[in-house]
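Heads up: the structure comes next, in structure tokens.
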Amino acid sequence: MSGSESPEKLAREELCIKFVNTVAWRLRDPVDDRAASPEAMLKWLARAGLADRPALSQIAVRWEQIPREARSFLKDATELREAIYALFVARINVRKPDPAATGILNANLARPGRGLGLASSQRTLKWLPSSRRFAAQELLKPVAWSAANLLMGPRAQKLRQCQDERGCGWLFIDESRAQNRRWCSMGNCGNLAKSRRHYHRGSQK
């Protein structure tokens, strides 16, 4: 899972799942947080199409001048990521959503976003800063929208968590016809699980 395939390939169509999957090996200790610093989190959001290079430079300059803004951004981004994860896992396990996680998602949905807007890019649209007062936290609002849309839509019932025995924990949407997909990636976690079962069957003969 974590070695050969990226979250982007495993959940290409859902921004919120890609965001949650910036943490790998969620079901073991320690986890592998791939956006553990303000800079890493910001770069990931940029790769996800939420900011361009001028916006990154603008934020970097502000963070040099006001380091607490970088720390505040990482705190807000991490809280949102873990709230979305908690809500998704509750949906998968048919449990009541955590009110605290719901509150964090709602706060990000209500976050002012006047500094971020849609702009034309050839035949598509992309997110671009629309104000000089652009704040890094505004990049989190599209992620929150993505999570809310998924949770409230028909694809919520297709949410799954990888069942790899090593503790992968990545989330994915099960688009299989039989709705019985168990692993984030058949080419990695799935094949390893099958190999382990084959080994154990052979050793018991």
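Naming scheme: A, B, ... for chains in displayed order of the structure tokens; residues 1 onward per chain; ligands 1 onward as shown.
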
**OP:** Excluding Arg47 (chain A) and residues on its chain fewer than 2 positions from it, collect all residues at most 12 Å away from it, counting only C-alpha atoms, and give them as JSON, numbers by chain.
**Re:** {"A": [7, 8, 15, 18, 19, 40, 41, 42, 43, 44, 45, 49, 50, 51, 52, 53, 56, 127, 139]}

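Those residues that approach Leu109 (chain A) to within 8 Å, counting only C-alpha atoms, are Lys141, Ala144 and Trp145 of chain A; same-chain residues fewer than 5 positions away are not listed.
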
List the neighbours of Cys168 (chain A) out to 7 Å using only C-alpha atoms; skip same-chain residues closer than 4 positions along the sequence, and give me the result as an mmCIF file with C-alpha atoms, in the first residue's frame.
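For reference, selection_20.cif as written:
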data_model
loop_
_atom_site.group_PDB
_atom_site.id
_atom_site.type_symbol
_atom_site.label_atom_id
_atom_site.label_comp_id
_atom_site.auth_asym_id
_atom_site.auth_seq_id
_atom_site.Cartn_x
_atom_site.Cartn_y
_atom_site.Cartn_z
ATOM 1 C CA ALA A 24 -0.748 5.964 6.231
ATOM 2 C CA TRP A 25 -0.750 2.919 8.515
ATOM 3 C CA ARG A 26 -3.570 4.393 10.587
ATOM 4 C CA LEU A 27 -4.323 1.119 12.352
ATOM 5 C CA CYS A 162 -8.630 -1.197 3.927
ATOM 6 C CA ASP A 164 -4.960 -5.223 5.395
#

**OP:** Grab the CA of Ser37 (chain A) to CA of Ala135 (chain A) distance for me, in Å with one decimal place.
**Re:**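 Separation of CA of Ser37 (chain A) and CA of Ala135 (chain A): 16.8 Å.
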
Subject >> Selected residue of minimal separation from Asp76 (chain A) among A:Ile17, A:Ala48, A:Leu128, A:Leu140, counting only C-alpha atoms >> reply: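 Nearest candidate to Asp76 (chain A) out of A:Ile17, A:Ala48, A:Leu128, A:Leu140: A:Leu140.
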
Subject >> Separation of CA of Ser185 (chain A) from CA of Ile104 (chain A) in Å >> reply: 29.8 Å

**OP:** Tell me which of A:Ala46, A:Ile173, A:Val31, A:Ala101 sits closest to Lys126 (chain A), counting only C-alpha atoms.
**Re:**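 Between A:Ala46, A:Ile173, A:Val31, A:Ala101, the residue approaching Lys126 (chain A) most closely is A:Ala46.
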
**OP:** Would you mind telling me which residue in A:Leu116, A:Leu87, A:Ala148, A:Cys16 lies nearest to Arg133 (chain A) when using only C-alpha atoms?
**Re:**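 Looking only at the distances to Arg133 (chain A), the closest residue turns out to be A:Leu116.
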
Subject >> Close residues, Leu151 (chain A) itself excluded, 12 Å, only C-alpha atoms, min 2 positions apart in chain, as an MDAnalysis selection string >> reply: chainID A and resid 14 16:17 84:92 97 102 105 144:149 153:159 173

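Nearest residue to Ala70 (chain A), choosing from A:Thr22, A:Asn106, A:Gln137, A:Gln161 and counting only C-alpha atoms: A:Gln137.
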
Original post:
Taking the backbone alone, and naming residues the way the document does, which bits of region 28-204 of chain A are strand (DSSP E) by DSSP, as JSON, numbers by chain?
Top reply: {"A": [32, 33, 116, 117, 118, 119, 120, 121, 124, 125, 126, 127, 128, 129, 159, 160, 161, 171, 172, 173]}

Would you output that residue set with C-alpha atoms, as an mmCIF file, in the first residue's frame?
data_model
loop_
_atom_site.group_PDB
_atom_site.id
_atom_site.type_symbol
_atom_site.label_atom_id
_atom_site.label_comp_id
_atom_site.auth_asym_id
_atom_site.auth_seq_id
_atom_site.Cartn_x
_atom_site.Cartn_y
_atom_site.Cartn_z
ATOM 1 C CA ASP A 32 2.953 7.571 9.029
ATOM 2 C CA ASP A 33 1.842 11.203 8.772
ATOM 3 C CA LEU A 116 -10.158 31.692 -2.870
ATOM 4 C CA GLY A 117 -12.257 31.290 -5.993
ATOM 5 C CA LEU A 118 -12.676 29.348 -9.211
ATOM 6 C CA ALA A 119 -10.815 30.376 -12.354
ATOM 7 C CA SER A 120 -10.820 29.026 -15.896
ATOM 8 C CA SER A 121 -7.949 26.756 -16.896
ATOM 9 C CA THR A 124 -11.700 23.119 -16.814
ATOM 10 C CA LEU A 125 -11.927 25.156 -13.635
ATOM 11 C CA LYS A 126 -9.365 25.321 -10.863
ATOM 12 C CA TRP A 127 -9.004 26.983 -7.493
ATOM 13 C CA LEU A 128 -6.967 30.192 -7.409
ATOM 14 C CA PRO A 129 -6.450 32.988 -4.862
ATOM 15 C CA LEU A 159 -17.048 4.108 1.849
ATOM 16 C CA ARG A 160 -14.638 1.415 2.991
ATOM 17 C CA GLN A 161 -11.450 1.066 5.057
ATOM 18 C CA LEU A 171 -10.055 4.756 3.022
ATOM 19 C CA PHE A 172 -11.542 4.239 -0.427
ATOM 20 C CA ILE A 173 -14.785 4.142 -2.379
#

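Shortest atom-to-atom contact with Arg68 (chain A) among A:Pro38, A:Pro112, A:Pro30, A:Gly167: A:Pro38, counting only C-alpha atoms.
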
Subject >> DSSP helix (DSSP H, G or I) residues within chain A, listed as an MDAnalysis selection string >> reply: chainID A and resid 7:10 15:20 38:47 53:65 67:92 99:109 136:152 154:158 186:203
